[in-house]
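Dropping entry_7.pdb in here (PDB, C-alpha atoms, pLDDT in the B column):
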ATOM      1  CA  ILE A 268     -70.940 -72.986 -31.787  1.00 82.00           C
ATOM      2  CA  ARG A 269     -71.742 -72.510 -28.091  1.00 79.00           C
ATOM      3  CA  GLU A 270     -75.494 -72.987 -28.670  1.00 73.00           C
ATOM      4  CA  ASP A 271     -74.890 -76.127 -30.723  1.00 75.00           C
ATOM      5  CA  SER A 272     -72.543 -77.586 -28.117  1.00 80.00           C
ATOM      6  CA  GLU A 273     -75.038 -76.828 -25.309  1.00 73.00           C
ATOM      7  CA  TRP A 274     -77.756 -78.532 -27.351  1.00 67.00           C
ATOM      8  CA  LEU A 275     -75.514 -81.553 -27.849  1.00 73.00           C
ATOM      9  CA  VAL A 276     -74.717 -81.747 -24.111  1.00 76.00           C
ATOM     10  CA  ARG A 277     -78.443 -81.682 -23.281  1.00 68.00           C
ATOM     11  CA  MET A 278     -79.073 -84.391 -25.877  1.00 66.00           C
ATOM     12  CA  VAL A 279     -76.389 -86.654 -24.387  1.00 72.00           C
ATOM     13  CA  GLU A 280     -77.671 -86.011 -20.846  1.00 70.00           C
ATOM     14  CA  ASN A 281     -81.192 -86.931 -21.989  1.00 62.00           C
ATOM     15  CA  LEU A 282     -79.965 -90.138 -23.605  1.00 67.00           C
ATOM     16  CA  LEU A 283     -77.990 -91.110 -20.517  1.00 69.00           C
ATOM     17  CA  SER A 284     -80.952 -90.388 -18.227  1.00 65.00           C
ATOM     18  CA  ILE A 285     -83.383 -92.490 -20.216  1.00 62.00           C
ATOM     19  CA  THR A 286     -80.902 -95.351 -20.604  1.00 65.00           C
ATOM     20  CA  ARG A 287     -80.134 -95.494 -16.875  1.00 64.00           C
ATOM     21  CA  ILE A 288     -83.770 -95.336 -15.805  1.00 63.00           C
ATOM     22  CA  ASP A 289     -84.968 -97.840 -18.421  1.00 62.00           C
ATOM     23  CA  SER A 290     -82.230-100.322 -17.527  1.00 61.00           C
ATOM     24  CA  GLY A 291     -83.309-100.307 -13.888  1.00 59.00           C
ATOM     25  CA  LYS A 292     -79.801 -99.384 -12.772  1.00 56.00           C
ATOM     26  CA  VAL A 293     -81.073 -96.128 -11.329  1.00 60.00           C
ATOM     27  CA  LYS A 294     -83.582 -96.193  -8.498  1.00 68.00           C
ATOM     28  CA  ILE A 295     -85.506 -92.972  -8.160  1.00 79.00           C
ATOM     29  CA  SER A 296     -84.644 -91.512  -4.776  1.00 82.00           C
ATOM     30  CA  LYS A 297     -87.614 -89.442  -3.683  1.00 90.00           C
ATOM     31  CA  THR A 298     -87.288 -86.806  -1.004  1.00 93.00           C
ATOM     32  CA  PRO A 299     -90.033 -84.399   0.084  1.00 95.00           C
ATOM     33  CA  THR A 300     -89.483 -81.251  -1.961  1.00 95.00           C
ATOM     34  CA  VAL A 301     -91.070 -77.856  -1.392  1.00 95.00           C
ATOM     35  CA  LEU A 302     -92.934 -76.995  -4.578  1.00 96.00           C
ATOM     36  CA  GLU A 303     -91.987 -73.299  -4.554  1.00 96.00           C
ATOM     37  CA  GLU A 304     -88.268 -74.124  -4.279  1.00 96.00           C
ATOM     38  CA  LEU A 305     -88.506 -76.533  -7.216  1.00 97.00           C
ATOM     39  CA  ILE A 306     -90.317 -73.975  -9.374  1.00 97.00           C
ATOM     40  CA  ASP A 307     -87.864 -71.202  -8.413  1.00 97.00           C
ATOM     41  CA  SER A 308     -84.971 -73.400  -9.517  1.00 95.00           C
ATOM     42  CA  CYS A 309     -86.712 -74.254 -12.819  1.00 96.00           C
ATOM     43  CA  VAL A 310     -87.522 -70.615 -13.548  1.00 97.00           C
ATOM     44  CA  LEU A 311     -83.947 -69.545 -12.777  1.00 95.00           C
ATOM     45  CA  LYS A 312     -82.540 -72.108 -15.237  1.00 93.00           C
ATOM     46  CA  PHE A 313     -85.116 -71.242 -17.881  1.00 95.00           C
ATOM     47  CA  ARG A 314     -84.549 -67.470 -17.589  1.00 95.00           C
ATOM     48  CA  LYS A 315     -80.783 -67.928 -18.012  1.00 92.00           C
ATOM     49  CA  ARG A 316     -81.393 -69.318 -21.499  1.00 90.00           C
ATOM     50  CA  TYR A 317     -84.462 -67.240 -22.383  1.00 94.00           C
ATOM     51  CA  PRO A 318     -84.244 -63.963 -20.446  1.00 94.00           C
ATOM     52  CA  ASN A 319     -86.744 -62.178 -22.702  1.00 94.00           C
ATOM     53  CA  GLN A 320     -89.429 -64.876 -22.637  1.00 95.00           C
ATOM     54  CA  ASN A 321     -92.418 -63.960 -20.485  1.00 94.00           C
ATOM     55  CA  LEU A 322     -93.439 -66.850 -18.203  1.00 97.00           C
ATOM     56  CA  GLN A 323     -96.522 -66.772 -15.989  1.00 97.00           C
ATOM     57  CA  ILE A 324     -96.409 -68.877 -12.813  1.00 97.00           C
ATOM     58  CA  GLU A 325     -99.498 -70.066 -10.940  1.00 97.00           C
ATOM     59  CA  LEU A 326     -98.931 -72.033  -7.717  1.00 97.00           C
ATOM     60  CA  PRO A 327    -101.239 -73.178  -4.920  1.00 95.00           C
ATOM     61  CA  GLU A 328    -101.337 -70.927  -1.874  1.00 93.00           C
ATOM     62  CA  GLU A 329    -100.858 -73.796   0.574  1.00 92.00           C
ATOM     63  CA  LEU A 330     -97.441 -75.310   1.226  1.00 90.00           C
ATOM     64  CA  ALA A 331     -96.922 -78.412  -0.896  1.00 91.00           C
ATOM     65  CA  LEU A 332     -94.306 -81.060  -0.147  1.00 93.00           C
ATOM     66  CA  ILE A 333     -93.984 -83.520  -3.003  1.00 95.00           C
ATOM     67  CA  PRO A 334     -91.820 -86.664  -2.818  1.00 96.00           C
ATOM     68  CA  MET A 335     -89.572 -86.613  -5.895  1.00 95.00           C
ATOM     69  CA  ASP A 336     -86.087 -86.607  -7.298  1.00 89.00           C
ATOM     70  CA  ALA A 337     -86.036 -82.826  -7.664  1.00 91.00           C
ATOM     71  CA  MET A 338     -83.230 -82.762 -10.254  1.00 87.00           C
ATOM     72  CA  LEU A 339     -85.117 -85.118 -12.567  1.00 88.00           C
ATOM     73  CA  ILE A 340     -88.437 -83.288 -12.220  1.00 94.00           C
ATOM     74  CA  GLU A 341     -86.621 -80.005 -12.833  1.00 93.00           C
ATOM     75  CA  GLN A 342     -85.242 -81.548 -16.028  1.00 90.00           C
ATOM     76  CA  VAL A 343     -88.801 -82.409 -17.126  1.00 94.00           C
ATOM     77  CA  ILE A 344     -90.176 -78.922 -16.467  1.00 97.00           C
ATOM     78  CA  VAL A 345     -87.285 -77.057 -18.083  1.00 94.00           C
ATOM     79  CA  ASN A 346     -87.348 -79.390 -21.094  1.00 92.00           C
ATOM     80  CA  ILE A 347     -91.059 -78.741 -21.733  1.00 95.00           C
ATOM     81  CA  LEU A 348     -90.645 -74.975 -21.235  1.00 96.00           C
ATOM     82  CA  GLU A 349     -87.710 -74.872 -23.666  1.00 93.00           C
ATOM     83  CA  ASN A 350     -89.642 -76.952 -26.206  1.00 92.00           C
ATOM     84  CA  ALA A 351     -92.419 -74.362 -26.121  1.00 94.00           C
ATOM     85  CA  VAL A 352     -89.992 -71.535 -26.885  1.00 94.00           C
ATOM     86  CA  GLN A 353     -88.327 -73.504 -29.684  1.00 90.00           C
ATOM     87  CA  HIS A 354     -91.369 -75.075 -31.351  1.00 90.00           C
ATOM     88  CA  ALA A 355     -94.552 -73.118 -30.495  1.00 91.00           C
ATOM     89  CA  VAL A 356     -94.563 -70.798 -33.488  1.00 92.00           C
ATOM     90  CA  GLY A 357     -96.548 -67.624 -32.816  1.00 92.00           C
ATOM     91  CA  MET A 358     -96.507 -68.084 -29.031  1.00 94.00           C
ATOM     92  CA  THR A 359     -97.237 -64.977 -26.966  1.00 93.00           C
ATOM     93  CA  GLN A 360     -98.126 -66.625 -23.619  1.00 95.00           C
ATOM     94  CA  LEU A 361     -96.330 -69.359 -21.712  1.00 97.00           C
ATOM     95  CA  THR A 362     -97.733 -70.518 -18.370  1.00 98.00           C
ATOM     96  CA  LEU A 363     -96.505 -72.928 -15.714  1.00 98.00           C
ATOM     97  CA  ARG A 364     -99.369 -73.839 -13.417  1.00 98.00           C
ATOM     98  CA  VAL A 365     -99.403 -76.285 -10.514  1.00 98.00           C
ATOM     99  CA  PHE A 366    -102.450 -77.256  -8.489  1.00 97.00           C
ATOM    100  CA  LEU A 367    -103.323 -79.946  -5.971  1.00 96.00           C
ATOM    101  CA  LEU A 368    -106.096 -82.397  -6.767  1.00 94.00           C
ATOM    102  CA  GLY A 369    -107.057 -85.562  -4.912  1.00 90.00           C
ATOM    103  CA  GLY A 370    -103.693 -86.386  -3.351  1.00 92.00           C
ATOM    104  CA  ARG A 371    -101.742 -85.458  -6.468  1.00 95.00           C
ATOM    105  CA  ALA A 372     -99.850 -82.425  -7.689  1.00 96.00           C
ATOM    106  CA  VAL A 373    -100.842 -81.552 -11.259  1.00 97.00           C
ATOM    107  CA  PHE A 374     -98.243 -79.666 -13.307  1.00 98.00           C
ATOM    108  CA  GLU A 375     -99.440 -77.883 -16.463  1.00 98.00           C
ATOM    109  CA  ILE A 376     -97.268 -76.086 -18.974  1.00 98.00           C
ATOM    110  CA  GLN A 377     -99.287 -74.387 -21.681  1.00 97.00           C
ATOM    111  CA  ASP A 378     -98.645 -72.068 -24.572  1.00 96.00           C
ATOM    112  CA  ASP A 379    -100.784 -70.295 -27.137  1.00 95.00           C
ATOM    113  CA  GLY A 380     -98.614 -71.164 -30.124  1.00 93.00           C
ATOM    114  CA  CYS A 381     -99.254 -73.229 -33.230  1.00 93.00           C
ATOM    115  CA  GLY A 382    -100.096 -76.528 -31.499  1.00 93.00           C
ATOM    116  CA  ILE A 383     -98.860 -79.983 -32.499  1.00 91.00           C
ATOM    117  CA  ARG A 384    -100.002 -81.809 -35.620  1.00 89.00           C
ATOM    118  CA  GLU A 385    -102.247 -84.757 -34.727  1.00 88.00           C
ATOM    119  CA  ASP A 386    -100.006 -87.251 -36.563  1.00 85.00           C
ATOM    120  CA  ARG A 387     -97.138 -86.203 -34.277  1.00 85.00           C
ATOM    121  CA  MET A 388     -99.197 -86.500 -31.063  1.00 86.00           C
ATOM    122  CA  THR A 389     -99.349 -90.294 -30.960  1.00 83.00           C
ATOM    123  CA  GLY A 390     -95.600 -90.836 -30.735  1.00 83.00           C
ATOM    124  CA  LEU A 391     -94.816 -87.684 -28.789  1.00 87.00           C
ATOM    125  CA  PHE A 392     -93.484 -89.430 -25.658  1.00 85.00           C
ATOM    126  CA  THR A 393     -91.930 -92.463 -27.363  1.00 80.00           C
ATOM    127  CA  GLY A 394     -89.195 -90.798 -29.382  1.00 68.00           C
ATOM    128  CA  MET A 395     -90.927 -92.102 -32.530  1.00 60.00           C
ATOM    129  CA  VAL A 396     -92.231 -88.826 -33.922  1.00 53.00           C
ATOM    130  CA  PRO A 397     -92.685 -88.439 -37.699  1.00 51.00           C
ATOM    131  CA  PRO A 398     -90.118 -86.006 -39.108  1.00 53.00           C
ATOM    132  CA  THR A 399     -91.067 -82.421 -39.812  1.00 53.00           C
ATOM    133  CA  ASP A 400     -91.152 -81.064 -43.344  1.00 48.00           C
ATOM    134  CA  ARG A 401     -88.075 -78.920 -42.782  1.00 46.00           C
ATOM    135  CA  SER A 402     -85.289 -78.956 -45.317  1.00 36.00           C
ATOM    136  CA  ALA A 403     -81.814 -79.873 -44.168  1.00 39.00           C
ATOM    137  CA  ASP A 404     -80.091 -76.603 -43.441  1.00 37.00           C
ATOM    138  CA  SER A 405     -78.381 -75.024 -40.473  1.00 39.00           C
ATOM    139  CA  GLN A 406     -81.507 -75.367 -38.300  1.00 45.00           C
ATOM    140  CA  ARG A 407     -81.410 -78.219 -35.789  1.00 46.00           C
ATOM    141  CA  ARG A 408     -84.111 -80.806 -36.212  1.00 49.00           C
ATOM    142  CA  ASN A 409     -86.136 -82.012 -33.259  1.00 52.00           C
ATOM    143  CA  ALA A 410     -84.701 -85.421 -32.390  1.00 51.00           C
ATOM    144  CA  GLY A 411     -87.782 -86.283 -30.302  1.00 63.00           C
ATOM    145  CA  ILE A 412     -85.736 -87.587 -27.392  1.00 75.00           C
ATOM    146  CA  GLY A 413     -86.470 -84.928 -24.776  1.00 81.00           C
ATOM    147  CA  LEU A 414     -90.156 -85.771 -24.315  1.00 89.00           C
ATOM    148  CA  SER A 415     -89.345 -89.470 -24.232  1.00 85.00           C
ATOM    149  CA  VAL A 416     -86.976 -88.757 -21.349  1.00 85.00           C
ATOM    150  CA  CYS A 417     -89.691 -86.703 -19.635  1.00 89.00           C
ATOM    151  CA  ALA A 418     -92.162 -89.580 -19.901  1.00 90.00           C
ATOM    152  CA  THR A 419     -89.620 -92.063 -18.520  1.00 87.00           C
ATOM    153  CA  ILE A 420     -88.866 -89.809 -15.541  1.00 89.00           C
ATOM    154  CA  ILE A 421     -92.541 -89.206 -14.733  1.00 93.00           C
ATOM    155  CA  LYS A 422     -93.416 -92.919 -15.050  1.00 90.00           C
ATOM    156  CA  ALA A 423     -90.478 -93.806 -12.783  1.00 88.00           C
ATOM    157  CA  HIS A 424     -92.044 -91.453 -10.215  1.00 91.00           C
ATOM    158  CA  GLY A 425     -95.389 -93.267 -10.494  1.00 91.00           C
ATOM    159  CA  GLY A 426     -97.029 -90.409 -12.359  1.00 94.00           C
ATOM    160  CA  ASP A 427     -98.413 -89.922 -15.836  1.00 94.00           C
ATOM    161  CA  ILE A 428     -97.811 -87.353 -18.563  1.00 96.00           C
ATOM    162  CA  ARG A 429     -99.983 -86.187 -21.460  1.00 96.00           C
ATOM    163  CA  ALA A 430    -100.182 -83.475 -24.064  1.00 95.00           C
ATOM    164  CA  GLU A 431    -103.162 -82.093 -25.929  1.00 96.00           C
ATOM    165  CA  ASN A 432    -103.880 -79.252 -28.268  1.00 96.00           C
ATOM    166  CA  ARG A 433    -105.925 -76.478 -26.702  1.00 95.00           C
ATOM    167  CA  LYS A 434    -109.150 -75.415 -28.406  1.00 93.00           C
ATOM    168  CA  SER A 435    -108.019 -71.790 -28.160  1.00 92.00           C
ATOM    169  CA  GLY A 436    -104.668 -72.636 -29.783  1.00 92.00           C
ATOM    170  CA  GLY A 437    -101.407 -73.984 -28.474  1.00 95.00           C
ATOM    171  CA  VAL A 438    -100.633 -77.023 -26.378  1.00 96.00           C
ATOM    172  CA  VAL A 439    -100.932 -78.031 -22.754  1.00 97.00           C
ATOM    173  CA  PHE A 440     -98.517 -80.566 -21.289  1.00 97.00           C
ATOM    174  CA  ARG A 441     -99.783 -82.078 -18.051  1.00 98.00           C
ATOM    175  CA  PHE A 442     -98.108 -84.446 -15.625  1.00 98.00           C
ATOM    176  CA  THR A 443     -98.992 -85.621 -12.139  1.00 97.00           C
ATOM    177  CA  LEU A 444     -97.030 -86.678  -9.073  1.00 96.00           C
ATOM    178  CA  GLU A 445     -98.351 -88.179  -5.847  1.00 93.00           C
ATOM    179  CA  LEU A 446     -98.211 -85.889  -2.825  1.00 90.00           C
ATOM    180  CA  GLU A 447     -97.398 -88.745  -0.449  1.00 76.00           C
ATOM    181  CA  GLU A 448     -95.567 -91.966  -1.072  1.00 57.00           C
ATOM    182  CA  GLU A 449     -97.650 -95.084  -0.652  1.00 49.00           C
ATOM    183  CA  ALA A 450     -96.626 -97.234   2.294  1.00 41.00           C
TER     184      ALA A 450
END
Write out the structure in this file as structure tokens.
Amino acid sequence: IREDSEWLVRMVENLLSITRIDSGKVKISKTPTVLEELIDSCVLKFRKRYPNQNLQIELPEELALIPMDAMLIEQVIVNILENAVQHAVGMTQLTLRVFLLGGRAVFEIQDDGCGIREDRMTGLFTGMVPPTDRSADSQRRNAGIGLSVCATIIKAHGGDIRAENRKSGGVVFRFTLELEEEA
């Protein structure tokens, strides 16, 4: 019951976030955020729910200040990490990697699980994902809203987000944020 209610709360929070941002009622308030502090907060939240899941972290050695709404970006990272645990069947490795490239911070979350069917890739960030072949039982179905929220948050920050199947197996989710706000 607790797990189902927590899932429902996250679903409602996702719906509210996407509705507010899409309606233009919420202006993204960016403040320079230390990358390591953001990642520490994400990892702490993730480990509370999945204490036994191994997570590799790779960060740049130099100090990185990224203008962002840290709570929203944290929501994106944690959502993608949780999706990997819930949907990447056969996963043994989960990695969160951030690197700096040409004035942008590139965030990559990759797993070595089962990957995503190509027919599901096209609508992955729109909320219009074809249903899975699961029968209706006590297992929750993926509503497809979480990644749509992620895309809305990243676009509101002026970044972009993508996903692709890895040749070696699994998926990599990649999003970018500008290191400095344009004048």
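Using all atoms listed in the file, the smallest distance between any of A:Val416, A:Val438, A:Met358, A:Ala372 and Asn346 in chain A comes from A:Val416.
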Would you list the contacts of Ile428 in chain A as JSON, numbers by chain, taking every protein, DNA or RNA residue within 9 Å and counting all atoms listed in the file, but skipping same-chain residues closer than 3 positions in sequence?
-> {"A": [392, 417, 418, 421, 422, 440, 441, 442, 443]}
Counting only C-alpha atoms, the option among A:Glu431, A:Asp378, A:Glu273, A:Glu304 closest to Met338 in chain A = A:Glu304
So which residues get picked by the PyMOL selection byres ((chain A and resi 381) around 6) here, written as a list of chain:residue names?
->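 Residues picked by the PyMOL selection byres ((chain A and resi 381) around 6): A:Ala355, A:Val356, A:Gly380, A:Gly382, A:Gly437.
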Have a look at CA of Asp336 in chain A and CA of Thr300 in chain A and let me know their distance in Å, one decimal.
->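 About the pair CA of Asp336 in chain A and CA of Thr300 in chain A: they are 8.3 Å apart.
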Pick out the residues sitting within 12 Å of Glu328 in chain A, and hand them over as a PyMOL selection string; count only C-alpha atoms, and ignore anything fewer than 6 positions along from it in its own chain.
-> chain A and resi 302-303+365-367
Can you work out which one of A:Asp386, A:Glu329, A:Leu305, A:Thr298 has the shortest atom-to-atom distance to Phe374 in chain A, counting only C-alpha atoms?
->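 The shortest atom-to-atom distance to Phe374 in chain A comes from A:Leu305.
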Between CA of Pro334 in chain A and CA of Leu368 in chain A, what is the distance, to one decimal in Å?
-> 15.4 Å
Starting from the shown file, work through the PyMOL selection byres ((chain A and resi 333) around 9) and note down what comes out as JSON, numbers by chain.
-> {"A": [297, 298, 299, 300, 301, 302, 331, 332, 334, 335, 371, 372, 444, 445, 446, 447, 448]}
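Distance annotation: of A:Ile420, A:Ile383, A:Ile412, A:Leu339, the residue with the minimal separation from Asn432 in chain A is A:Ile383; atom set is all atoms listed in the file.
For the choices A:Met388, A:Gly426, A:Thr393, A:Tyr317, the atom-to-atom distance to Gln353 in chain A is smallest for A:Tyr317 when using all atoms listed in the file.
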Find the residues around Phe313 in chain A up to 9 Å (only C-alpha atoms counted), leave out those fewer than 5 positions away in its own chain, and share them as a CSV table (one decimal) with C-alpha atoms, keeping the file's coordinate frame.
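What landed in result15.csv:
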chain,number,residue,atom,x,y,z
A,308,SER,CA,-85.0,-73.4,-9.5
A,318,PRO,CA,-84.2,-64.0,-20.4
A,345,VAL,CA,-87.3,-77.1,-18.1
A,348,LEU,CA,-90.6,-75.0,-21.2
A,349,GLU,CA,-87.7,-74.9,-23.7
To one decimal in Å, tell me the separation between CA of Thr362 in chain A and CA of Cys309 in chain A.
->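 These atoms are spaced 12.9 Å apart.
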Across A:Asp427, A:Glu385, A:Glu270, A:Asp307, the smallest distance to Val373 in chain A, with all atoms listed in the file counted, is shown by A:Asp427
Build an axis-aligned box that encloses every atom of range 320-331 of chain A listed in the file, pad it by 8 Å on each side, and report its centre and edge lengths in Å to one decimal, as AutoDock Vina command-line options.
--center_x -95.4 --center_y -71.2 --center_z -10.7 --size_x 27.9 --size_y 30.5 --size_z 39.9
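With all atoms listed in the file taken into account, every residue lying no more than 10 Å from the file point (-98.5, -64.0, -26.5) is included here: A:Gln320, A:Asn321, A:Gly357, A:Met358, A:Thr359, A:Gln360, A:Leu361, A:Asp378, A:Asp379, A:Gly380.
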